>>> print(open('run.csv').read())   # CSV, C-alpha atoms
chain,number,residue,atom,x,y,z
A,197,ASP,CA,-8.1,29.3,44.5
A,198,SER,CA,-4.4,30.2,44.1
A,199,GLY,CA,-3.9,28.3,40.8
A,200,VAL,CA,-1.2,26.1,42.4
A,201,THR,CA,-2.2,22.4,42.6
A,202,GLN,CA,-0.7,19.8,44.9
A,203,THR,CA,-1.3,16.0,45.0
A,204,PRO,CA,-2.1,14.0,46.9
A,205,LYS,CA,-4.1,15.9,49.6
A,206,HIS,CA,-3.4,13.3,52.2
A,207,LEU,CA,-0.7,10.7,52.5
A,208,ILE,CA,-0.4,8.1,55.2
A,209,THR,CA,2.6,5.9,55.3
A,210,ALA,CA,5.0,4.0,57.6
A,211,THR,CA,8.4,4.8,59.0
A,212,GLY,CA,11.2,4.0,56.6
A,213,GLN,CA,9.1,4.4,53.5
A,214,ARG,CA,9.6,6.8,50.6
A,215,VAL,CA,6.9,9.2,49.2
A,216,THR,CA,6.7,11.7,46.4
A,217,LEU,CA,4.7,14.9,46.6
A,218,ARG,CA,3.7,16.7,43.4
A,219,CYS,CA,3.1,20.3,42.6
A,220,SER,CA,1.9,22.2,39.5
A,221,PRO,CA,2.7,25.9,39.6
A,222,ARG,CA,0.4,28.6,38.4
A,223,SER,CA,0.4,29.0,34.6
A,224,GLY,CA,3.3,31.2,33.7
A,225,ASP,CA,5.2,30.9,37.0
A,226,LEU,CA,8.7,29.7,36.7
A,227,SER,CA,9.7,29.5,40.3
A,228,VAL,CA,8.6,26.7,42.7
A,229,TYR,CA,9.1,26.7,46.4
A,230,TRP,CA,8.6,23.9,48.9
A,231,TYR,CA,7.7,24.5,52.6
A,232,GLN,CA,7.1,22.2,55.6
A,233,GLN,CA,4.6,23.3,58.2
A,234,SER,CA,4.5,21.5,61.6
A,235,LEU,CA,3.0,22.5,64.9
A,236,ASP,CA,6.3,22.8,66.7
A,237,GLN,CA,8.4,24.3,63.9
A,238,GLY,CA,6.0,26.5,62.0
A,239,LEU,CA,6.4,27.2,58.3
A,240,GLN,CA,9.9,26.3,57.2
A,241,PHE,CA,11.3,27.0,53.7
A,242,LEU,CA,12.9,23.8,52.2
A,243,ILE,CA,14.0,24.5,48.7
A,244,GLN,CA,13.4,26.7,45.6
A,245,TYR,CA,13.6,25.9,41.9
A,246,TYR,CA,13.6,28.3,39.1
A,247,ASN,CA,13.0,27.1,35.5
A,248,GLY,CA,14.4,23.7,36.3
A,249,GLU,CA,17.4,24.7,38.3
A,250,GLU,CA,17.9,24.7,42.1
A,251,ARG,CA,17.9,28.4,43.2
A,252,ALA,CA,17.9,28.4,47.0
A,253,LYS,CA,18.1,25.9,49.8
A,254,GLY,CA,16.7,26.1,53.3
A,255,ASN,CA,16.4,23.7,56.1
A,256,ILE,CA,16.0,20.6,53.9
A,257,LEU,CA,17.2,17.3,55.2
A,258,GLU,CA,19.5,15.1,53.2
A,259,ARG,CA,16.7,12.5,53.1
A,260,PHE,CA,14.6,14.9,51.1
A,261,SER,CA,15.2,15.9,47.5
A,262,ALA,CA,13.3,17.8,44.9
A,263,GLN,CA,13.3,18.5,41.2
A,264,GLN,CA,11.5,20.7,38.7
A,265,PHE,CA,10.7,19.2,35.4
A,266,PRO,CA,10.7,20.8,31.9
A,267,ASP,CA,7.0,21.3,32.1
A,268,LEU,CA,7.7,23.2,35.4
A,269,HIS,CA,5.9,20.9,37.7
A,270,SER,CA,7.9,19.9,40.7
A,271,GLU,CA,8.2,16.8,42.9
A,272,LEU,CA,9.4,16.6,46.5
A,273,ASN,CA,10.8,13.2,47.4
A,274,LEU,CA,10.9,12.2,51.1
A,275,SER,CA,12.8,9.0,52.0
A,276,SER,CA,13.5,6.9,55.1
A,277,LEU,CA,10.6,8.6,56.7
A,278,GLU,CA,10.5,9.2,60.4
A,279,LEU,CA,7.6,10.1,62.7
A,280,GLY,CA,8.8,13.6,62.9
A,281,ASP,CA,8.4,14.1,59.2
A,282,SER,CA,4.6,14.2,59.7
A,283,ALA,CA,3.6,17.7,58.6
A,284,LEU,CA,1.8,19.7,56.0
A,285,TYR,CA,4.0,20.3,52.9
A,286,PHE,CA,3.2,23.3,50.9
A,287,CYS,CA,4.3,24.2,47.4
A,288,ALA,CA,4.3,27.9,46.3
A,289,SER,CA,5.0,29.4,42.9
A,290,SER,CA,6.0,32.9,41.6
A,291,VAL,CA,6.8,34.4,38.3
A,292,GLU,CA,10.3,35.6,39.1
A,293,PRO,CA,13.3,33.9,40.7
A,294,SER,CA,14.0,36.5,43.3
A,295,GLY,CA,11.2,35.7,45.8
A,296,THR,CA,11.1,39.2,47.0
A,297,TYR,CA,8.0,40.8,48.4
A,298,THR,CA,7.1,42.2,45.0
A,299,ASP,CA,7.2,38.8,43.5
A,300,THR,CA,4.2,37.3,45.4
A,301,GLN,CA,4.4,33.6,46.2
A,302,TYR,CA,1.1,31.8,45.7
A,303,PHE,CA,0.6,28.8,47.9
A,304,GLY,CA,-1.1,25.5,47.0
A,305,PRO,CA,-3.5,23.8,49.4
A,306,GLY,CA,-0.8,21.5,50.8
A,307,THR,CA,-0.3,17.8,51.2
A,308,ARG,CA,-0.8,16.4,54.7
A,309,LEU,CA,1.7,13.7,55.4
A,310,THR,CA,1.2,11.3,58.3
A,311,VAL,CA,4.0,8.9,59.1
A,312,LEU,CA,2.9,6.0,61.4
B,177,GLN,CA,17.0,32.4,69.8
B,178,LYS,CA,14.6,32.2,66.9
B,179,GLU,CA,15.0,34.7,64.1
B,180,VAL,CA,11.4,35.7,64.3
B,181,GLU,CA,9.2,35.5,67.4
B,182,GLN,CA,5.4,35.6,67.2
B,183,ASP,CA,2.9,35.0,69.9
B,184,PRO,CA,0.9,31.9,68.9
B,185,GLY,CA,-2.3,33.0,70.6
B,186,PRO,CA,-5.1,32.0,70.3
B,187,LEU,CA,-6.4,35.5,70.3
B,188,SER,CA,-10.2,35.9,70.6
B,189,VAL,CA,-11.9,39.3,70.2
B,190,PRO,CA,-15.5,40.4,69.6
B,191,GLU,CA,-16.6,41.5,66.2
B,192,GLY,CA,-15.8,45.1,65.5
B,193,ALA,CA,-12.7,45.3,67.7
B,194,ILE,CA,-9.3,46.5,66.6
B,195,VAL,CA,-6.9,43.6,66.5
B,196,SER,CA,-3.1,44.0,66.9
B,197,LEU,CA,-0.8,41.2,65.8
B,198,ASN,CA,2.9,41.5,66.4
B,199,CYS,CA,6.3,40.0,65.6
B,200,THR,CA,9.8,40.7,66.8
B,201,TYR,CA,12.9,39.8,64.9
B,202,SER,CA,16.6,39.7,65.7
B,203,ASN,CA,18.4,40.0,62.3
B,204,SER,CA,18.7,43.6,61.2
B,205,ALA,CA,19.5,42.4,57.7
B,206,PHE,CA,15.8,41.7,57.1
B,207,GLN,CA,14.5,44.3,54.6
B,208,TYR,CA,11.1,43.1,53.5
B,209,PHE,CA,8.2,42.5,55.8
B,210,MET,CA,5.1,40.6,54.9
B,211,TRP,CA,1.9,39.3,56.6
B,212,TYR,CA,0.2,36.2,55.4
B,213,ARG,CA,-3.2,34.9,56.3
B,214,GLN,CA,-3.9,31.2,56.5
B,215,TYR,CA,-7.4,29.9,56.8
B,216,SER,CA,-7.9,26.4,58.3
B,217,ARG,CA,-6.9,23.6,55.8
B,218,LYS,CA,-5.6,26.2,53.3
B,219,GLY,CA,-2.2,27.5,52.2
B,220,PRO,CA,-1.0,30.9,53.3
B,221,GLU,CA,-2.0,33.9,51.2
B,222,LEU,CA,-0.1,37.2,51.1
B,223,LEU,CA,-2.1,39.9,52.8
B,224,MET,CA,0.3,42.9,52.9
B,225,TYR,CA,3.9,43.7,52.4
B,226,THR,CA,6.2,46.6,53.1
B,227,TYR,CA,9.8,47.5,52.7
B,228,SER,CA,10.4,50.6,54.8
B,229,SER,CA,9.7,51.6,58.3
B,230,GLY,CA,6.4,53.3,58.9
B,231,ASN,CA,2.8,52.4,58.2
B,232,LYS,CA,1.1,51.0,55.1
B,233,GLU,CA,-2.6,50.9,54.9
B,234,ASP,CA,-4.9,48.7,52.8
B,235,GLY,CA,-8.6,48.9,53.6
B,236,ARG,CA,-9.1,47.7,57.2
B,237,PHE,CA,-5.5,46.5,57.4
B,238,THR,CA,-2.5,48.5,58.5
B,239,ALA,CA,1.0,47.1,58.5
B,240,GLN,CA,3.6,48.9,60.7
B,241,VAL,CA,7.3,48.4,60.7
B,242,ASP,CA,9.8,49.7,63.3
B,243,LYS,CA,13.2,48.7,62.1
B,244,SER,CA,15.0,50.4,65.0
B,245,SER,CA,13.1,48.2,67.5
B,246,LYS,CA,12.9,45.2,65.1
B,247,TYR,CA,9.2,45.1,65.6
B,248,ILE,CA,6.4,44.7,63.1
B,249,SER,CA,2.7,44.8,63.6
B,250,LEU,CA,-0.6,44.2,61.7
B,251,PHE,CA,-3.7,46.1,62.8
B,252,ILE,CA,-7.1,45.0,61.7
B,253,ARG,CA,-9.9,47.6,62.2
B,254,ASP,CA,-13.6,46.7,62.4
B,255,SER,CA,-12.7,43.0,62.7
B,256,GLN,CA,-15.1,40.5,61.1
B,257,PRO,CA,-15.7,36.8,61.7
B,258,SER,CA,-14.3,36.2,58.3
B,259,ASP,CA,-11.0,37.5,59.6
B,260,SER,CA,-10.7,34.4,61.8
B,261,ALA,CA,-7.5,32.7,60.6
B,262,THR,CA,-3.9,32.3,61.5
B,263,TYR,CA,-1.7,35.3,60.7
B,264,LEU,CA,1.9,34.7,59.9
B,265,CYS,CA,4.5,37.4,59.7
B,266,ALA,CA,7.3,36.8,57.2
B,267,LEU,CA,10.6,38.5,56.7
B,268,LEU,CA,13.0,38.4,53.9
B,269,GLU,CA,16.7,39.3,53.4
B,270,GLY,CA,18.1,39.9,50.0
B,271,SER,CA,17.6,41.9,47.0
B,272,TYR,CA,15.9,41.5,43.7
B,273,SER,CA,18.9,39.7,42.3
B,274,SER,CA,19.6,37.3,45.1
B,275,ALA,CA,17.9,34.0,45.8
B,276,SER,CA,16.0,34.7,48.9
B,277,LYS,CA,14.6,32.8,51.8
B,278,ILE,CA,11.5,33.9,53.6
B,279,ILE,CA,11.6,33.4,57.3
B,280,PHE,CA,8.1,32.9,58.8
B,281,GLY,CA,6.8,33.5,62.2
B,282,SER,CA,5.0,30.7,63.9
B,283,GLY,CA,1.7,32.4,63.4
B,284,THR,CA,-1.0,33.8,65.6
B,285,ARG,CA,-4.4,32.1,65.7
B,286,LEU,CA,-7.1,34.8,65.6
B,287,SER,CA,-10.8,34.2,66.3
B,288,ILE,CA,-13.4,37.0,65.9
B,289,ARG,CA,-16.6,36.3,68.0
B,290,PRO,CA,-19.8,37.4,66.3
>>> encode(input="run.csv", output="structure tokens")
Amino acid sequence: DSGVTQTPKHLITATGQRVTLRCSPRSGDLSVYWYQQSLDQGLQFLIQYYNGEERAKGNILERFSAQQFPDLHSELNLSSLELGDSALYFCASSVEPSGTYTDTQYFGPGTRLTVL
Amino acid sequence: QKEVEQDPGPLSVPEGAIVSLNCTYSNSAFQYFMWYRQYSRKGPELLMYTYSSGNKEDGRFTAQVDKSSKYISLFIRDSQPSDSATYLCALLEGSYSSASKIIFGSGTRLSIRP
């Protein structure tokens, strides 16, 4: 168990809908990262927050947004959902903001999103 | 061309065999090299990391980096059924002070036959 929790575990919804995925980082970790993992694209970095502020942005669509709250939990909002958004969404956390190899990212168990 | 190429497998070997997993990359700016292991229905977990060219050993695992060829490898000695998982290489540009983005390979599915 990495100490990172994600809810819900599974989410099934329809095209055009909006969903919110939630992540609680490990105790003491200030950085939160969101990733999308699909069969054809692999694991893709979406966005990083550090202590409430956006730190780095990856291949995140404009329909997606995220935030990190004062208690350090984070939410990833996905709107106008399309079939291609079906994937596993992982949250990871680390202590430092740098995300270098010495600052290990601990991954949560993921949320499996299915868009029908 | 993808920044990181990794053979998706699946790779199936008998227990006790030496396993070799590989990635190639195109961007010479990558400085940090990592291997993650992902069991089915779980998130990835960091297995090994290295910064420089050469070998780094940790128990049955050896990570090898050849920056001149832009080629990284993970060797697993005396492979066990519990090593059955997907292995992802991951590369990182940047320094301690910069916000960094990890680029992951697509992962190789490994199965160790008892």
>>> closest_residue(input="run.csv", among="B:Phe280, B:Tyr263, B:Tyr247, B:Tyr201", to="B:Glu221", atoms="all atoms listed in the file")
B:Tyr263
>>> closest_atom_pairs(input="run.csv", of="chain A", to="chain B", cutoff="12 Å", atoms="all atoms listed in the file", output="CSV")
residue,atom,partner,partner_atom,distance
A:Asp197,CA,B:Lys218,CA,9.7
A:Ser198,CA,B:Glu221,CA,8.4
A:Gly199,CA,B:Gly219,CA,11.6
A:Val200,CA,B:Gly219,CA,9.9
A:Thr201,CA,B:Gly219,CA,10.9
A:Gln202,CA,B:Gly219,CA,10.7
A:Lys205,CA,B:Arg217,CA,10.3
A:His206,CA,B:Arg217,CA,11.5
A:Ser227,CA,B:Ala275,CA,10.9
A:Tyr229,CA,B:Lys277,CA,9.8
A:Trp230,CA,B:Lys277,CA,11.1
A:Tyr231,CA,B:Ile278,CA,10.2
A:Gln232,CA,B:Phe280,CA,11.2
A:Gln233,CA,B:Ser282,CA,9.3
A:Ser234,CA,B:Ser282,CA,9.5
A:Leu235,CA,B:Ser282,CA,8.5
A:Asp236,CA,B:Ser282,CA,8.5
A:Gln237,CA,B:Ser282,CA,7.2
A:Gly238,CA,B:Ser282,CA,4.7
A:Leu239,CA,B:Phe280,CA,6.0
A:Gln240,CA,B:Phe280,CA,7.0
A:Phe241,CA,B:Ile278,CA,6.9
A:Leu242,CA,B:Lys277,CA,9.2
A:Ile243,CA,B:Lys277,CA,8.9
A:Gln244,CA,B:Ala275,CA,8.6
A:Tyr245,CA,B:Ala275,CA,10.0
A:Tyr246,CA,B:Ala275,CA,9.8
A:Glu249,CA,B:Ala275,CA,12.0
A:Glu250,CA,B:Ala275,CA,10.0
A:Arg251,CA,B:Ala275,CA,6.2
A:Ala252,CA,B:Ala275,CA,5.7
A:Lys253,CA,B:Lys277,CA,8.0
A:Gly254,CA,B:Lys277,CA,7.2
A:Asn255,CA,B:Lys277,CA,10.2
A:Leu284,CA,B:Arg217,CA,9.5
A:Tyr285,CA,B:Gly219,CA,9.5
A:Phe286,CA,B:Gly219,CA,7.0
A:Cys287,CA,B:Gly219,CA,8.7
A:Ala288,CA,B:Gly219,CA,8.8
A:Ser289,CA,B:Glu221,CA,11.8
A:Glu292,CA,B:Tyr272,CA,9.3
A:Pro293,CA,B:Ala275,CA,6.9
A:Ser294,CA,B:Ala275,CA,5.3
A:Gly295,CA,B:Ser276,CA,5.8
A:Thr296,CA,B:Tyr272,CA,6.3
A:Tyr297,CA,B:Tyr208,CA,6.4
A:Thr298,CA,B:Tyr225,CA,8.2
A:Asp299,CA,B:Tyr272,CA,9.1
A:Thr300,CA,B:Leu222,CA,7.1
A:Gln301,CA,B:Leu222,CA,7.6
A:Tyr302,CA,B:Glu221,CA,6.7
A:Phe303,CA,B:Gly219,CA,5.3
A:Gly304,CA,B:Gly219,CA,5.7
A:Pro305,CA,B:Gly219,CA,4.8
A:Gly306,CA,B:Gly219,CA,6.3
A:Thr307,CA,B:Arg217,CA,9.9
A:Arg308,CA,B:Arg217,CA,9.5
>>> write_last_selection(input="run.csv", atoms="C-alpha atoms", output="mmCIF file, in the coordinates of the input")
data_model
loop_
_atom_site.group_PDB
_atom_site.id
_atom_site.type_symbol
_atom_site.label_atom_id
_atom_site.label_comp_id
_atom_site.auth_asym_id
_atom_site.auth_seq_id
_atom_site.Cartn_x
_atom_site.Cartn_y
_atom_site.Cartn_z
ATOM 1 C CA ASP A 197 -8.100 29.300 44.500
ATOM 2 C CA SER A 198 -4.400 30.200 44.100
ATOM 3 C CA GLY A 199 -3.900 28.300 40.800
ATOM 4 C CA VAL A 200 -1.200 26.100 42.400
ATOM 5 C CA THR A 201 -2.200 22.400 42.600
ATOM 6 C CA GLN A 202 -0.700 19.800 44.900
ATOM 7 C CA LYS A 205 -4.100 15.900 49.600
ATOM 8 C CA HIS A 206 -3.400 13.300 52.200
ATOM 9 C CA SER A 227 9.700 29.500 40.300
ATOM 10 C CA TYR A 229 9.100 26.700 46.400
ATOM 11 C CA TRP A 230 8.600 23.900 48.900
ATOM 12 C CA TYR A 231 7.700 24.500 52.600
ATOM 13 C CA GLN A 232 7.100 22.200 55.600
ATOM 14 C CA GLN A 233 4.600 23.300 58.200
ATOM 15 C CA SER A 234 4.500 21.500 61.600
ATOM 16 C CA LEU A 235 3.000 22.500 64.900
ATOM 17 C CA ASP A 236 6.300 22.800 66.700
ATOM 18 C CA GLN A 237 8.400 24.300 63.900
ATOM 19 C CA GLY A 238 6.000 26.500 62.000
ATOM 20 C CA LEU A 239 6.400 27.200 58.300
ATOM 21 C CA GLN A 240 9.900 26.300 57.200
ATOM 22 C CA PHE A 241 11.300 27.000 53.700
ATOM 23 C CA LEU A 242 12.900 23.800 52.200
ATOM 24 C CA ILE A 243 14.000 24.500 48.700
ATOM 25 C CA GLN A 244 13.400 26.700 45.600
ATOM 26 C CA TYR A 245 13.600 25.900 41.900
ATOM 27 C CA TYR A 246 13.600 28.300 39.100
ATOM 28 C CA GLU A 249 17.400 24.700 38.300
ATOM 29 C CA GLU A 250 17.900 24.700 42.100
ATOM 30 C CA ARG A 251 17.900 28.400 43.200
ATOM 31 C CA ALA A 252 17.900 28.400 47.000
ATOM 32 C CA LYS A 253 18.100 25.900 49.800
ATOM 33 C CA GLY A 254 16.700 26.100 53.300
ATOM 34 C CA ASN A 255 16.400 23.700 56.100
ATOM 35 C CA LEU A 284 1.800 19.700 56.000
ATOM 36 C CA TYR A 285 4.000 20.300 52.900
ATOM 37 C CA PHE A 286 3.200 23.300 50.900
ATOM 38 C CA CYS A 287 4.300 24.200 47.400
ATOM 39 C CA ALA A 288 4.300 27.900 46.300
ATOM 40 C CA SER A 289 5.000 29.400 42.900
ATOM 41 C CA GLU A 292 10.300 35.600 39.100
ATOM 42 C CA PRO A 293 13.300 33.900 40.700
ATOM 43 C CA SER A 294 14.000 36.500 43.300
ATOM 44 C CA GLY A 295 11.200 35.700 45.800
ATOM 45 C CA THR A 296 11.100 39.200 47.000
ATOM 46 C CA TYR A 297 8.000 40.800 48.400
ATOM 47 C CA THR A 298 7.100 42.200 45.000
ATOM 48 C CA ASP A 299 7.200 38.800 43.500
ATOM 49 C CA THR A 300 4.200 37.300 45.400
ATOM 50 C CA GLN A 301 4.400 33.600 46.200
ATOM 51 C CA TYR A 302 1.100 31.800 45.700
ATOM 52 C CA PHE A 303 0.600 28.800 47.900
ATOM 53 C CA GLY A 304 -1.100 25.500 47.000
ATOM 54 C CA PRO A 305 -3.500 23.800 49.400
ATOM 55 C CA GLY A 306 -0.800 21.500 50.800
ATOM 56 C CA THR A 307 -0.300 17.800 51.200
ATOM 57 C CA ARG A 308 -0.800 16.400 54.700
#
>>> residues_near_point(input="run.csv", point="(9.2, 47.2, 62.9)", cutoff="10 Å", atoms="only C-alpha atoms", output="ChimeraX atom specification")
/B:198-201,209,228-231,239-249
>>> closest_residue(input="run.csv", among="B:Gly235, B:Asp259, B:Gly192, B:Ser204", to="B:Glu179", atoms="only C-alpha atoms")
B:Ser204
>>> atom_distance(input="run.csv", atom1="atom CA of A:Glu278", atom2="atom CA of A:Leu312")
8.3 Å
>>> atom_distance(input="run.csv", atom1="atom CA of B:Ala261", atom2="atom CA of B:Ser196")
13.7 Å
>>> atom_distance(input="run.csv", atom1="atom CA of B:Gly185", atom2="atom CA of B:Arg285")
5.4 Å
>>> residues_around(input="run.csv", residues="B:Thr238", least_positions_apart="2", cutoff="7 Å", atoms="all atoms listed in the file", output="PyMOL selection string")
chain B and resi 231-234+236+240+250-252
>>> closest_residue(input="run.csv", among="B:Arg213, B:Ser260, B:Asn203, B:Asp183", to="B:Leu286", atoms="all atoms listed in the file")
B:Ser260
